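*Asks:* Got a structure here, written out as structure tokens. Questions coming.
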Amino acid sequence: MNDHHLSEAEPPGTSREADVHIIRADDLSDETPQTSGLKRFEAVSARRLGSQELWMGLSVLPPGSKTGVHHHGQSETALYVLSGVGRWWVGDTLDEMREAHPGDFVYIKPHVVHWEENASGAEPVRMIVARTTQDAIVVNLEHHPYGPALDNSERYDHD
């Protein structure tokens with residue numbers, strides 16, 4: 001028996017379609033907390049679909065851009081890099097760099113202060129994002145003393 005046959009046998013109004021939602025690429029919402037330099041788009045959330053414990057979306061870091069310093073509260077964050085090369089700056093003085101390429105996964109523990117940058121001046125970094133909270137928690141730390149507004153040119157070799 002195939003799935004098509006099973007769904008036809010269900011009484012009207014009990015379709016499995018209500019349990020499976022398709023969010024089209026052009027139907028993502030930008031009504032989510034933002035951090036300067038990065039654009040977040042919400043796909044799966046409590047607000048949009050009634051998700052109980054999951055937030056999922058897309059982040060785009062334009063060519064040559066850097067984010068502000070931030071963290072994601074109690075939420076664990078996982079990213080999958082679709083395109084581009086992203087860098088995350090972490091550590092007590094935000095001077096430790098982690099770099100991710102297409103096909104790489106990135107895991108950020110709760111409350112880890114960081115900022116991100118696009119390693120390329122030509123290609124955006126596009127990432128699928130998943131969080132363990134039903135909302136996209138973003139705590140921006142605009143006046144952090146080690147933010148990207150400082151000259152970071154000696155922290156790494158430019159491409």
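Chain labels follow the order of the structure tokens: the first chain is A, the next B, and so on; residue numbering restarts at 1 in every chain, and ligands are counted from 1 in their shown order.
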Using only C-alpha atoms, which residues of region 41-105 of chain A come within 7 Å of region 119-134 of chain A, and what is the closest atom pair for each, with the distance in Å to one decimal? Give it as JSON lines, sorted by chain and residue number.

*Replies:*
{"residue": "A:Ser45", "atom": "CA", "partner": "A:Gln134", "partner_atom": "CA", "distance": 5.5}
{"residue": "A:Ala46", "atom": "CA", "partner": "A:Gln134", "partner_atom": "CA", "distance": 5.5}
{"residue": "A:Ser51", "atom": "CA", "partner": "A:Gln134", "partner_atom": "CA", "distance": 6.3}
{"residue": "A:Gln52", "atom": "CA", "partner": "A:Gln134", "partner_atom": "CA", "distance": 6.1}
{"residue": "A:Glu53", "atom": "CA", "partner": "A:Gln134", "partner_atom": "CA", "distance": 4.8}
{"residue": "A:Leu54", "atom": "CA", "partner": "A:Gln134", "partner_atom": "CA", "distance": 4.7}
{"residue": "A:Trp55", "atom": "CA", "partner": "A:Gln134", "partner_atom": "CA", "distance": 4.9}
{"residue": "A:Met56", "atom": "CA", "partner": "A:Ala130", "partner_atom": "CA", "distance": 4.3}
{"residue": "A:Gly57", "atom": "CA", "partner": "A:Val129", "partner_atom": "CA", "distance": 5.1}
{"residue": "A:Leu58", "atom": "CA", "partner": "A:Ile128", "partner_atom": "CA", "distance": 4.7}
{"residue": "A:Ser59", "atom": "CA", "partner": "A:Met127", "partner_atom": "CA", "distance": 5.2}
{"residue": "A:Val60", "atom": "CA", "partner": "A:Arg126", "partner_atom": "CA", "distance": 4.7}
{"residue": "A:Leu61", "atom": "CA", "partner": "A:Val125", "partner_atom": "CA", "distance": 5.0}
{"residue": "A:Pro62", "atom": "CA", "partner": "A:Pro124", "partner_atom": "CA", "distance": 4.4}
{"residue": "A:Pro63", "atom": "CA", "partner": "A:Gly121", "partner_atom": "CA", "distance": 4.5}
{"residue": "A:Gly64", "atom": "CA", "partner": "A:Gly121", "partner_atom": "CA", "distance": 4.2}
{"residue": "A:Ser75", "atom": "CA", "partner": "A:Thr132", "partner_atom": "CA", "distance": 5.4}
{"residue": "A:Glu76", "atom": "CA", "partner": "A:Thr132", "partner_atom": "CA", "distance": 5.5}
{"residue": "A:Thr77", "atom": "CA", "partner": "A:Arg131", "partner_atom": "CA", "distance": 4.6}
{"residue": "A:Ala78", "atom": "CA", "partner": "A:Ala130", "partner_atom": "CA", "distance": 5.2}
{"residue": "A:Leu79", "atom": "CA", "partner": "A:Val129", "partner_atom": "CA", "distance": 4.5}
{"residue": "A:Tyr80", "atom": "CA", "partner": "A:Ile128", "partner_atom": "CA", "distance": 5.1}
{"residue": "A:Val81", "atom": "CA", "partner": "A:Met127", "partner_atom": "CA", "distance": 4.5}
{"residue": "A:Leu82", "atom": "CA", "partner": "A:Met127", "partner_atom": "CA", "distance": 5.4}
{"residue": "A:Ser83", "atom": "CA", "partner": "A:Arg126", "partner_atom": "CA", "distance": 5.3}
{"residue": "A:Gly84", "atom": "CA", "partner": "A:Val125", "partner_atom": "CA", "distance": 4.2}
{"residue": "A:Val85", "atom": "CA", "partner": "A:Ala119", "partner_atom": "CA", "distance": 5.5}
{"residue": "A:Gly86", "atom": "CA", "partner": "A:Ala119", "partner_atom": "CA", "distance": 5.8}
{"residue": "A:Arg87", "atom": "CA", "partner": "A:Ala119", "partner_atom": "CA", "distance": 6.5}

*Asks:* Taking the chain letters and numbering used in this document, name the residues of chain A that DSSP puts in strand (DSSP E or B), as a VMD selection string.

*Replies:* chain A and resid 29 35 38 to 44 55 to 61 66 70 to 71 77 to 83 86 to 90 96 to 100 105 to 108 114 to 118 125 to 131 139 to 140

*Asks:* Return as an mmCIF file with C-alpha atoms, in the first residue's frame the full set of residues in region 11-130 of chain A whose backbone-based DSSP assignment is alpha helix (DSSP H).

*Replies:*
data_model
loop_
_atom_site.group_PDB
_atom_site.id
_atom_site.type_symbol
_atom_site.label_atom_id
_atom_site.label_comp_id
_atom_site.auth_asym_id
_atom_site.auth_seq_id
_atom_site.Cartn_x
_atom_site.Cartn_y
_atom_site.Cartn_z
ATOM 1 C CA ALA A 46 6.016 28.950 16.464
ATOM 2 C CA ARG A 47 4.717 32.173 14.956
ATOM 3 C CA ARG A 48 4.523 30.886 11.389
ATOM 4 C CA LEU A 49 3.596 27.209 11.796
#

*Asks:* Write out as a PDB file with N, CA, C and O atoms, in the first residue's frame the residues lying within 12 Å of His71 (chain A), counting only C-alpha atoms and excluding same-chain residues fewer than 5 positions away.

*Replies:*
ATOM      1  N   PRO A  33      14.259  38.670  14.581  1.00  0.00           N
ATOM      2  CA  PRO A  33      15.346  39.522  15.073  1.00  0.00           C
ATOM      3  C   PRO A  33      16.529  39.525  14.103  1.00  0.00           C
ATOM      4  O   PRO A  33      16.884  38.494  13.541  1.00  0.00           O
ATOM      5  N   GLN A  34      17.110  40.690  13.918  1.00  0.00           N
ATOM      6  CA  GLN A  34      18.220  40.859  12.982  1.00  0.00           C
ATOM      7  C   GLN A  34      19.455  41.344  13.727  1.00  0.00           C
ATOM      8  O   GLN A  34      19.360  41.880  14.823  1.00  0.00           O
ATOM      9  N   THR A  35      20.589  41.139  13.112  1.00  0.00           N
ATOM     10  CA  THR A  35      21.863  41.662  13.581  1.00  0.00           C
ATOM     11  C   THR A  35      22.463  42.423  12.412  1.00  0.00           C
ATOM     12  O   THR A  35      22.378  41.957  11.273  1.00  0.00           O
ATOM     13  N   GLU A  76      20.613  26.622  21.325  1.00  0.00           N
ATOM     14  CA  GLU A  76      21.698  26.041  20.554  1.00  0.00           C
ATOM     15  C   GLU A  76      21.418  26.412  19.102  1.00  0.00           C
ATOM     16  O   GLU A  76      20.268  26.438  18.672  1.00  0.00           O
ATOM     17  N   THR A  77      22.473  26.696  18.346  1.00  0.00           N
ATOM     18  CA  THR A  77      22.308  27.080  16.948  1.00  0.00           C
ATOM     19  C   THR A  77      23.167  26.174  16.083  1.00  0.00           C
ATOM     20  O   THR A  77      24.332  25.936  16.389  1.00  0.00           O
ATOM     21  N   TRP A  88      33.569  32.927  11.838  1.00  0.00           N
ATOM     22  CA  TRP A  88      32.996  33.249  13.137  1.00  0.00           C
ATOM     23  C   TRP A  88      34.146  33.606  14.052  1.00  0.00           C
ATOM     24  O   TRP A  88      35.125  32.871  14.145  1.00  0.00           O
ATOM     25  N   TRP A  89      34.026  34.730  14.747  1.00  0.00           N
ATOM     26  CA  TRP A  89      35.039  35.196  15.683  1.00  0.00           C
ATOM     27  C   TRP A  89      34.510  34.970  17.093  1.00  0.00           C
ATOM     28  O   TRP A  89      33.431  35.450  17.438  1.00  0.00           O
ATOM     29  N   VAL A  90      35.268  34.231  17.896  1.00  0.00           N
ATOM     30  CA  VAL A  90      34.870  33.839  19.242  1.00  0.00           C
ATOM     31  C   VAL A  90      36.048  34.035  20.197  1.00  0.00           C
ATOM     32  O   VAL A  90      37.113  34.476  19.790  1.00  0.00           O
ATOM     33  N   ILE A 108      26.927  26.297  17.377  1.00  0.00           N
ATOM     34  CA  ILE A 108      27.218  27.359  18.336  1.00  0.00           C
ATOM     35  C   ILE A 108      26.450  27.054  19.619  1.00  0.00           C
ATOM     36  O   ILE A 108      25.219  26.946  19.612  1.00  0.00           O
ATOM     37  N   LYS A 109      27.191  26.899  20.711  1.00  0.00           N
ATOM     38  CA  LYS A 109      26.572  26.605  22.014  1.00  0.00           C
ATOM     39  C   LYS A 109      25.782  27.820  22.513  1.00  0.00           C
ATOM     40  O   LYS A 109      26.043  28.954  22.095  1.00  0.00           O
ATOM     41  N   PRO A 110      24.838  27.590  23.439  1.00  0.00           N
ATOM     42  CA  PRO A 110      24.072  28.704  24.002  1.00  0.00           C
ATOM     43  C   PRO A 110      24.989  29.755  24.628  1.00  0.00           C
ATOM     44  O   PRO A 110      26.037  29.428  25.196  1.00  0.00           O
ATOM     45  N   HIS A 111      24.597  30.999  24.521  1.00  0.00           N
ATOM     46  CA  HIS A 111      25.251  32.155  25.138  1.00  0.00           C
ATOM     47  C   HIS A 111      26.668  32.426  24.638  1.00  0.00           C
ATOM     48  O   HIS A 111      27.368  33.250  25.234  1.00  0.00           O
ATOM     49  N   VAL A 112      27.117  31.789  23.583  1.00  0.00           N
ATOM     50  CA  VAL A 112      28.462  32.048  23.062  1.00  0.00           C
ATOM     51  C   VAL A 112      28.448  33.362  22.278  1.00  0.00           C
ATOM     52  O   VAL A 112      27.769  33.483  21.258  1.00  0.00           O
ATOM     53  N   VAL A 113      29.206  34.320  22.771  1.00  0.00           N
ATOM     54  CA  VAL A 113      29.301  35.627  22.124  1.00  0.00           C
ATOM     55  C   VAL A 113      30.192  35.474  20.893  1.00  0.00           C
ATOM     56  O   VAL A 113      31.260  34.857  20.950  1.00  0.00           O
ATOM     57  N   HIS A 114      29.739  36.047  19.767  1.00  0.00           N
ATOM     58  CA  HIS A 114      30.485  35.923  18.512  1.00  0.00           C
ATOM     59  C   HIS A 114      30.067  37.010  17.533  1.00  0.00           C
ATOM     60  O   HIS A 114      29.111  37.734  17.774  1.00  0.00           O
ATOM     61  N   TRP A 115      30.817  37.109  16.470  1.00  0.00           N
ATOM     62  CA  TRP A 115      30.409  37.892  15.309  1.00  0.00           C
ATOM     63  C   TRP A 115      30.871  37.142  14.082  1.00  0.00           C
ATOM     64  O   TRP A 115      31.747  36.282  14.165  1.00  0.00           O
ATOM     65  N   GLU A 116      30.240  37.433  12.962  1.00  0.00           N
ATOM     66  CA  GLU A 116      30.504  36.692  11.733  1.00  0.00           C
ATOM     67  C   GLU A 116      30.940  37.638  10.633  1.00  0.00           C
ATOM     68  O   GLU A 116      30.599  38.810  10.661  1.00  0.00           O
ATOM     69  N   ALA A 136      13.663  32.836  17.199  1.00  0.00           N
ATOM     70  CA  ALA A 136      15.043  33.164  16.833  1.00  0.00           C
ATOM     71  C   ALA A 136      15.572  34.155  17.861  1.00  0.00           C
ATOM     72  O   ALA A 136      15.369  35.356  17.746  1.00  0.00           O
ATOM     73  N   ILE A 137      16.230  33.650  18.880  1.00  0.00           N
ATOM     74  CA  ILE A 137      16.762  34.519  19.920  1.00  0.00           C
ATOM     75  C   ILE A 137      18.046  35.161  19.412  1.00  0.00           C
ATOM     76  O   ILE A 137      18.969  34.474  19.002  1.00  0.00           O
ATOM     77  N   VAL A 138      18.081  36.483  19.451  1.00  0.00           N
ATOM     78  CA  VAL A 138      19.265  37.233  19.057  1.00  0.00           C
ATOM     79  C   VAL A 138      19.467  38.335  20.086  1.00  0.00           C
ATOM     80  O   VAL A 138      18.601  39.192  20.258  1.00  0.00           O
ATOM     81  N   VAL A 139      20.583  38.282  20.796  1.00  0.00           N
ATOM     82  CA  VAL A 139      20.921  39.316  21.763  1.00  0.00           C
ATOM     83  C   VAL A 139      22.099  40.093  21.184  1.00  0.00           C
ATOM     84  O   VAL A 139      23.231  39.605  21.172  1.00  0.00           O
ATOM     85  N   ASN A 140      21.817  41.272  20.645  1.00  0.00           N
ATOM     86  CA  ASN A 140      22.849  42.108  20.046  1.00  0.00           C
ATOM     87  C   ASN A 140      23.600  42.869  21.131  1.00  0.00           C
ATOM     88  O   ASN A 140      22.989  43.433  22.034  1.00  0.00           O
ATOM     89  N   LEU A 141      24.920  42.859  21.050  1.00  0.00           N
ATOM     90  CA  LEU A 141      25.789  43.516  22.027  1.00  0.00           C
ATOM     91  C   LEU A 141      26.506  44.670  21.316  1.00  0.00           C
ATOM     92  O   LEU A 141      27.700  44.603  21.022  1.00  0.00           O
ATOM     93  N   GLU A 142      25.759  45.720  21.043  1.00  0.00           N
ATOM     94  CA  GLU A 142      26.230  46.812  20.203  1.00  0.00           C
ATOM     95  C   GLU A 142      27.497  47.503  20.698  1.00  0.00           C
ATOM     96  O   GLU A 142      28.272  48.032  19.913  1.00  0.00           O
ATOM     97  N   HIS A 144      30.012  46.095  22.509  1.00  0.00           N
ATOM     98  CA  HIS A 144      31.035  45.137  22.932  1.00  0.00           C
ATOM     99  C   HIS A 144      32.419  45.683  22.578  1.00  0.00           C
ATOM    100  O   HIS A 144      32.647  46.129  21.456  1.00  0.00           O
TER     101      HIS A 144
END
